[in-house]
Amino acid sequence: MKAASSIRSSSRGRASALPGLGLTLGFTLLYLSVVVLVPLSALVLRTADLSWSDYWATVTTPRALASYRLTLGTSMAAAGLNAVFGLLVAWVLVRYDFPGRRLVDAVVDLPFALPTAVAGIALTAVYAPTGWIGGTLHAWGVPIAYAPSGIVVALTFISLPFVVRTVQPVLEDLDPEVEEAARSLGASPFQTTVRIIIPTVLPALATGTALAFARSLGEYGSIVFISGNLPMRTEMTTVLIMARLEQFDYAGATALASVMLGLSFALLLGINLTQWLARRRMT
Amino acid sequence: MTARRPLHEDGAGAPIRWALIACALVFLAAFLVVPLAAVISAAFEQGWRVYWDSVTEPDAQSAIRLTLLTALIVVPLNTVFGVAAAWAIAKFTFPGRTILITLIDLPFAVSPVISGFVFVLLFGANGLIGSWLAAHGMKIIFAFPGLVLTTLFVTAPFVARELIPLMQEQGPEIEEAAVALGASGWQTFWRITLPNIKWGLLYGVILLNARAIGEFGAVSVVSGHIRGETNTMPLHVEILYNEYNFTAAFAVASLLTLMAVVVLAAKSLIAWRTHAVLTTSARPGLAVSDIHR
């Protein structure tokens, strides 16, 4: 969830006089191997067992391809929505004072605290044709629940904190004097926004959006109730993996899972690499 | 939680300012507040009595017990892991440190469905050591140990993730001074390090606990959904919902919602506390922004 959040520079690190490196590092490596690395390697081993032609056939069935398209499309839409509104929320929280600001700030983290299954049934209840918001939208001919747009709603919910929480500290640190200088030199508020503020927050905005996208790709709990899970139409890749598992088709599930895992790792590698390059350029 | 310096207004006039605030609030209301209200409203739709019966019936009680028991095992283990990992990574330099940080983060990058699935591949009937387990009469998948292992996997990074930036920020100097003055490693940890990281640690544990209780996708794969036996609270919600028993589903969901609200309140409190500590004693190295993440 906070996978690629930045680590402070390690410039202070040096040979230490402190005890406990052997104990803590040994325990960390042992524990991490047992709990995380060995289980994950089971997936890699099992993927390597599959023959290439079987593997290719499994990951390129029309149903699988439809699920990739849906997963990528809805995740992108949700990340885009969050880029726009997340920036807006961060801006409003940092720059403006209004009644209930602290409460609003606290509520932004709700998606990290609320179990995904609860989010899923709650959003379905609200956005179903019988729901508070879904009813009105349905009457206007805009179905949300049991359609791709419902998936976008759930993914937007689940990844909402990422953009807000990556952009917020950057806006807080933005020196007001720079903007004042721009304005005293004759820049309009619009010019100040486009020339000063947007370029400053852009790296954080990109990171937050990418994290939101990465989170959405693998999401299951919040989308499984609202999506309707119709093969070829509203079936996400994670739901398809689950369907394969329920039929005890482990080879099929393994192949699809390896595709998802590869995509997530590539994305995170990309995010970390961009952050590292951005940091290097600044120093 | 709050800006560290007084808010400064931009050049935008009041109408634009209020329009932006309204836009942000409508967005947050539609996605966060309305669904939250819907859970509570649906849970109490048929009154207190039905609500009470839904959360006290035997299957619900067994789901609550199982969930709490899982958290009771997972939270201490992953807390010790997180503190040990943060100590090694933040206080020392060694080759491969960056790789280790990435490896600790791995579970956050893996889809919950896949997190559960890897344990099926390892311990399931057709798994790598499944037949060996079966021959020795041990059951991990579709049983309690599977739930614990999966939850351990999914929540492994939480405490380390909170503590590593915090402890790196604080640096090893204070601890080095304590050791130079003759304190043992444990004394240094209990008397110096722990008081310095307690709020970050507490926040990490709260997040870890919330996820251990609320995890759905991963445990769904390994649980087998056996009522009264391997059904955790989120899975119980799913079963009730799929049986169209909406009131009962939302009643159990409301307990999980309450937990989420407590988490948010605790987070705000901790942010406020650390902020107060910072401004009163101006102690360097306690990064408020890290608690915000």
# chains A, B, ... in the order shown; residues from 1 in each chain; ligands from 1

call {"tool": "residues_around", "arguments": {"residues": "range 159-175 of chain A", "least_positions_apart": "4", "cutoff": "7 Å", "atoms": "only C-alpha atoms", "output": "list in words"}}
result
Asn82, Ala83, Gly86, Leu87, Val89, Ala90, Val94, Val108, Asp109, Leu155, Val201, Ala204, Leu205, Gly208, Thr209, Leu211, Ala212, Arg215 and Ser216 of chain A; Ala3, Ser289 and Arg293 of chain B

call {"tool": "write_last_selection", "arguments": {"atoms": "N, CA and C atoms", "output": "CSV table (one decimal), in the first residue's frame"}}
result
chain,number,residue,atom,x,y,z
A,82,ASN,N,-8.4,10.0,-9.7
A,82,ASN,CA,-7.7,10.4,-8.5
A,82,ASN,C,-6.6,11.4,-8.7
A,83,ALA,N,-6.0,11.4,-9.9
A,83,ALA,CA,-5.0,12.4,-10.1
A,83,ALA,C,-5.6,13.8,-10.1
A,86,GLY,N,-7.5,14.1,-6.4
A,86,GLY,CA,-6.6,14.0,-5.4
A,86,GLY,C,-5.7,15.3,-5.2
A,87,LEU,N,-5.3,15.8,-6.4
A,87,LEU,CA,-4.6,17.1,-6.4
A,87,LEU,C,-5.5,18.2,-5.8
A,89,VAL,N,-8.1,17.9,-3.7
A,89,VAL,CA,-8.3,17.7,-2.3
A,89,VAL,C,-7.0,18.1,-1.5
A,90,ALA,N,-5.8,17.7,-2.0
A,90,ALA,CA,-4.6,18.1,-1.4
A,90,ALA,C,-4.4,19.6,-1.3
A,94,VAL,N,-4.3,21.9,2.1
A,94,VAL,CA,-3.1,22.6,2.5
A,94,VAL,C,-3.3,24.1,2.5
A,108,VAL,N,-9.7,11.2,4.7
A,108,VAL,CA,-9.0,10.8,3.5
A,108,VAL,C,-8.4,9.4,3.6
A,109,ASP,N,-8.0,9.0,4.8
A,109,ASP,CA,-7.3,7.7,5.0
A,109,ASP,C,-8.3,6.6,5.1
A,155,LEU,N,-12.5,1.3,-7.5
A,155,LEU,CA,-11.0,1.4,-7.6
A,155,LEU,C,-10.6,2.9,-7.2
A,201,VAL,N,4.8,20.1,-8.1
A,201,VAL,CA,4.1,18.9,-7.6
A,201,VAL,C,4.1,17.8,-8.6
A,204,ALA,N,5.5,14.3,-7.6
A,204,ALA,CA,4.7,13.7,-6.5
A,204,ALA,C,3.4,13.2,-7.1
A,205,LEU,N,2.8,14.0,-7.9
A,205,LEU,CA,1.5,13.7,-8.6
A,205,LEU,C,1.7,12.4,-9.4
A,208,GLY,N,2.1,9.4,-7.1
A,208,GLY,CA,0.8,9.0,-6.4
A,208,GLY,C,-0.1,8.4,-7.4
A,209,THR,N,-0.2,8.9,-8.6
A,209,THR,CA,-1.0,8.3,-9.6
A,209,THR,C,-0.6,6.9,-10.0
A,211,LEU,N,1.1,4.8,-8.1
A,211,LEU,CA,0.8,3.9,-7.0
A,211,LEU,C,-0.7,3.6,-7.0
A,212,ALA,N,-1.5,4.6,-7.2
A,212,ALA,CA,-3.0,4.3,-7.3
A,212,ALA,C,-3.3,3.3,-8.4
A,215,ARG,N,-2.0,-0.2,-7.3
A,215,ARG,CA,-2.9,-0.8,-6.3
A,215,ARG,C,-4.2,-1.3,-7.0
A,216,SER,N,-4.7,-0.6,-7.9
A,216,SER,CA,-6.0,-0.9,-8.6
A,216,SER,C,-5.8,-2.3,-9.4
B,3,ALA,N,-0.9,21.7,8.2
B,3,ALA,CA,0.3,22.3,7.6
B,3,ALA,C,1.2,22.8,8.7
B,289,SER,N,5.9,14.3,9.1
B,289,SER,CA,5.4,13.9,7.7
B,289,SER,C,5.4,12.4,7.5
B,293,ARG,N,2.0,9.4,6.3
B,293,ARG,CA,1.9,8.6,5.1
B,293,ARG,C,0.8,7.7,5.2

call {"tool": "select_by_dssp", "arguments": {"residues": "range 26-204 of chain B", "states": "alpha helix (DSSP H)", "output": "ChimeraX atom specification"}}
result
/B:26-28,34-43,47-56,58-91,97-109,112-123,130-135,144-155,157-170,173-180,185-188,194-204

call {"tool": "closest_residue", "arguments": {"among": "A:Ala206, A:Leu88, A:Leu70, A:Ala17", "to": "Thr234 in chain A", "atoms": "only C-alpha atoms"}}
result
A:Leu70

call {"tool": "closest_atom_pairs", "arguments": {"of": "chain B", "to": "chain A", "cutoff": "7 Å", "atoms": "only C-alpha atoms", "output": "JSON lines"}}
result
{"residue": "B:Met1", "atom": "CA", "partner": "A:Asp105", "partner_atom": "CA", "distance": 6.6}
{"residue": "B:Ala3", "atom": "CA", "partner": "A:Glu172", "partner_atom": "CA", "distance": 5.9}
{"residue": "B:Leu7", "atom": "CA", "partner": "A:Arg95", "partner_atom": "CA", "distance": 5.7}
{"residue": "B:His8", "atom": "CA", "partner": "A:Arg95", "partner_atom": "CA", "distance": 6.0}
{"residue": "B:Glu9", "atom": "CA", "partner": "A:Arg95", "partner_atom": "CA", "distance": 5.8}
{"residue": "B:Gly11", "atom": "CA", "partner": "A:Pro189", "partner_atom": "CA", "distance": 5.9}
{"residue": "B:Ala12", "atom": "CA", "partner": "A:Pro189", "partner_atom": "CA", "distance": 6.8}
{"residue": "B:Leu20", "atom": "CA", "partner": "A:Val92", "partner_atom": "CA", "distance": 7.0}
{"residue": "B:Ile21", "atom": "CA", "partner": "A:Val92", "partner_atom": "CA", "distance": 5.9}
{"residue": "B:Ala24", "atom": "CA", "partner": "A:Val89", "partner_atom": "CA", "distance": 5.2}
{"residue": "B:Phe31", "atom": "CA", "partner": "A:Phe157", "partner_atom": "CA", "distance": 5.9}
{"residue": "B:Pro35", "atom": "CA", "partner": "A:Ala122", "partner_atom": "CA", "distance": 5.1}
{"residue": "B:Leu36", "atom": "CA", "partner": "A:Ala122", "partner_atom": "CA", "distance": 7.0}
{"residue": "B:Ala38", "atom": "CA", "partner": "A:Ala122", "partner_atom": "CA", "distance": 6.2}
{"residue": "B:Val39", "atom": "CA", "partner": "A:Ala122", "partner_atom": "CA", "distance": 5.7}
{"residue": "B:Phe81", "atom": "CA", "partner": "A:Thr28", "partner_atom": "CA", "distance": 6.3}
{"residue": "B:Ala84", "atom": "CA", "partner": "A:Thr24", "partner_atom": "CA", "distance": 4.8}
{"residue": "B:Ala85", "atom": "CA", "partner": "A:Thr28", "partner_atom": "CA", "distance": 5.4}
{"residue": "B:Trp87", "atom": "CA", "partner": "A:Thr24", "partner_atom": "CA", "distance": 6.9}
{"residue": "B:Ala88", "atom": "CA", "partner": "A:Leu25", "partner_atom": "CA", "distance": 5.5}
{"residue": "B:Phe92", "atom": "CA", "partner": "A:Ser16", "partner_atom": "CA", "distance": 6.0}
{"residue": "B:Thr93", "atom": "CA", "partner": "A:Gly13", "partner_atom": "CA", "distance": 5.6}
{"residue": "B:Asp105", "atom": "CA", "partner": "A:Ala3", "partner_atom": "CA", "distance": 5.6}
{"residue": "B:Phe108", "atom": "CA", "partner": "A:Met1", "partner_atom": "CA", "distance": 5.2}
{"residue": "B:Ala109", "atom": "CA", "partner": "A:Ser264", "partner_atom": "CA", "distance": 6.3}
{"residue": "B:Val110", "atom": "CA", "partner": "A:Leu261", "partner_atom": "CA", "distance": 6.5}
{"residue": "B:Ser111", "atom": "CA", "partner": "A:Gly218", "partner_atom": "CA", "distance": 4.2}
{"residue": "B:Pro112", "atom": "CA", "partner": "A:Gly218", "partner_atom": "CA", "distance": 7.0}
{"residue": "B:Val113", "atom": "CA", "partner": "A:Thr238", "partner_atom": "CA", "distance": 6.5}
{"residue": "B:Ile114", "atom": "CA", "partner": "A:Ala257", "partner_atom": "CA", "distance": 6.2}
{"residue": "B:Val118", "atom": "CA", "partner": "A:Pro39", "partner_atom": "CA", "distance": 5.5}
{"residue": "B:Phe119", "atom": "CA", "partner": "A:Pro39", "partner_atom": "CA", "distance": 6.0}
{"residue": "B:Leu121", "atom": "CA", "partner": "A:Ala42", "partner_atom": "CA", "distance": 6.3}
{"residue": "B:Leu122", "atom": "CA", "partner": "A:Ala42", "partner_atom": "CA", "distance": 6.0}
{"residue": "B:Leu152", "atom": "CA", "partner": "A:Val35", "partner_atom": "CA", "distance": 6.8}
{"residue": "B:Phe153", "atom": "CA", "partner": "A:Val35", "partner_atom": "CA", "distance": 5.6}
{"residue": "B:Pro165", "atom": "CA", "partner": "A:Ile7", "partner_atom": "CA", "distance": 5.8}
{"residue": "B:Gln168", "atom": "CA", "partner": "A:Arg8", "partner_atom": "CA", "distance": 6.8}
{"residue": "B:Glu169", "atom": "CA", "partner": "A:Arg8", "partner_atom": "CA", "distance": 6.9}
{"residue": "B:Gly171", "atom": "CA", "partner": "A:Arg12", "partner_atom": "CA", "distance": 6.6}
{"residue": "B:Glu176", "atom": "CA", "partner": "A:Leu18", "partner_atom": "CA", "distance": 5.9}
{"residue": "B:Val179", "atom": "CA", "partner": "A:Leu18", "partner_atom": "CA", "distance": 6.9}
{"residue": "B:Gly185", "atom": "CA", "partner": "A:Pro19", "partner_atom": "CA", "distance": 5.7}
{"residue": "B:Ala210", "atom": "CA", "partner": "A:Ala113", "partner_atom": "CA", "distance": 6.4}
{"residue": "B:Gly214", "atom": "CA", "partner": "A:Pro115", "partner_atom": "CA", "distance": 4.4}
{"residue": "B:Glu215", "atom": "CA", "partner": "A:Pro115", "partner_atom": "CA", "distance": 6.4}
{"residue": "B:Phe216", "atom": "CA", "partner": "A:Gly221", "partner_atom": "CA", "distance": 6.1}
{"residue": "B:Gly217", "atom": "CA", "partner": "A:Gly221", "partner_atom": "CA", "distance": 5.6}
{"residue": "B:Pro234", "atom": "CA", "partner": "A:Ala117", "partner_atom": "CA", "distance": 6.1}
{"residue": "B:Ala253", "atom": "CA", "partner": "A:Val118", "partner_atom": "CA", "distance": 5.7}
{"residue": "B:Leu256", "atom": "CA", "partner": "A:Pro115", "partner_atom": "CA", "distance": 7.0}
{"residue": "B:Thr257", "atom": "CA", "partner": "A:Leu114", "partner_atom": "CA", "distance": 6.1}
{"residue": "B:Ala260", "atom": "CA", "partner": "A:Ala113", "partner_atom": "CA", "distance": 4.8}
{"residue": "B:Val263", "atom": "CA", "partner": "A:Ala113", "partner_atom": "CA", "distance": 6.5}
{"residue": "B:Leu264", "atom": "CA", "partner": "A:Ala106", "partner_atom": "CA", "distance": 6.2}
{"residue": "B:Ser268", "atom": "CA", "partner": "A:Ala106", "partner_atom": "CA", "distance": 6.4}
{"residue": "B:Ser289", "atom": "CA", "partner": "A:Pro169", "partner_atom": "CA", "distance": 7.0}
{"residue": "B:Arg293", "atom": "CA", "partner": "A:Arg165", "partner_atom": "CA", "distance": 6.2}

call {"tool": "closest_atom_pairs", "arguments": {"of": "range 171-276 of chain B", "to": "range 66-77 of chain B", "cutoff": "12 Å", "atoms": "only C-alpha atoms", "output": "JSON lines"}}
result
{"residue": "B:Leu202", "atom": "CA", "partner": "B:Val75", "partner_atom": "CA", "distance": 11.6}
{"residue": "B:Gly204", "atom": "CA", "partner": "B:Val75", "partner_atom": "CA", "distance": 10.2}
{"residue": "B:Val205", "atom": "CA", "partner": "B:Val75", "partner_atom": "CA", "distance": 7.1}
{"residue": "B:Ile206", "atom": "CA", "partner": "B:Val75", "partner_atom": "CA", "distance": 9.2}
{"residue": "B:Leu207", "atom": "CA", "partner": "B:Val75", "partner_atom": "CA", "distance": 9.9}
{"residue": "B:Leu208", "atom": "CA", "partner": "B:Val75", "partner_atom": "CA", "distance": 6.6}
{"residue": "B:Asn209", "atom": "CA", "partner": "B:Val75", "partner_atom": "CA", "distance": 6.0}
{"residue": "B:Ala210", "atom": "CA", "partner": "B:Ala71", "partner_atom": "CA", "distance": 8.7}
{"residue": "B:Arg211", "atom": "CA", "partner": "B:Ala71", "partner_atom": "CA", "distance": 9.0}
{"residue": "B:Ala212", "atom": "CA", "partner": "B:Ala71", "partner_atom": "CA", "distance": 5.5}
{"residue": "B:Ile213", "atom": "CA", "partner": "B:Thr67", "partner_atom": "CA", "distance": 5.9}
{"residue": "B:Gly214", "atom": "CA", "partner": "B:Thr67", "partner_atom": "CA", "distance": 8.6}
{"residue": "B:Glu215", "atom": "CA", "partner": "B:Thr67", "partner_atom": "CA", "distance": 9.8}
{"residue": "B:Phe216", "atom": "CA", "partner": "B:Thr67", "partner_atom": "CA", "distance": 11.2}
{"residue": "B:Val219", "atom": "CA", "partner": "B:Thr67", "partner_atom": "CA", "distance": 10.8}
{"residue": "B:Ser223", "atom": "CA", "partner": "B:Leu66", "partner_atom": "CA", "distance": 11.5}
{"residue": "B:Ile226", "atom": "CA", "partner": "B:Leu66", "partner_atom": "CA", "distance": 11.9}
{"residue": "B:Arg227", "atom": "CA", "partner": "B:Leu66", "partner_atom": "CA", "distance": 11.0}
{"residue": "B:Gly228", "atom": "CA", "partner": "B:Leu66", "partner_atom": "CA", "distance": 8.8}
{"residue": "B:Glu229", "atom": "CA", "partner": "B:Leu66", "partner_atom": "CA", "distance": 7.9}
{"residue": "B:Thr230", "atom": "CA", "partner": "B:Leu66", "partner_atom": "CA", "distance": 7.4}
{"residue": "B:Asn231", "atom": "CA", "partner": "B:Leu66", "partner_atom": "CA", "distance": 7.3}
{"residue": "B:Thr232", "atom": "CA", "partner": "B:Thr67", "partner_atom": "CA", "distance": 5.1}
{"residue": "B:Met233", "atom": "CA", "partner": "B:Thr67", "partner_atom": "CA", "distance": 6.2}
{"residue": "B:Pro234", "atom": "CA", "partner": "B:Thr67", "partner_atom": "CA", "distance": 8.8}
{"residue": "B:Leu235", "atom": "CA", "partner": "B:Thr67", "partner_atom": "CA", "distance": 10.0}
{"residue": "B:His236", "atom": "CA", "partner": "B:Thr67", "partner_atom": "CA", "distance": 10.4}
{"residue": "B:Leu256", "atom": "CA", "partner": "B:Thr67", "partner_atom": "CA", "distance": 11.0}

call {"tool": "closest_residue", "arguments": {"among": "A:Leu240, A:Ala78, A:Ile226, A:Ala181", "to": "Tyr241 in chain B", "atoms": "only C-alpha atoms"}}
result
A:Ile226
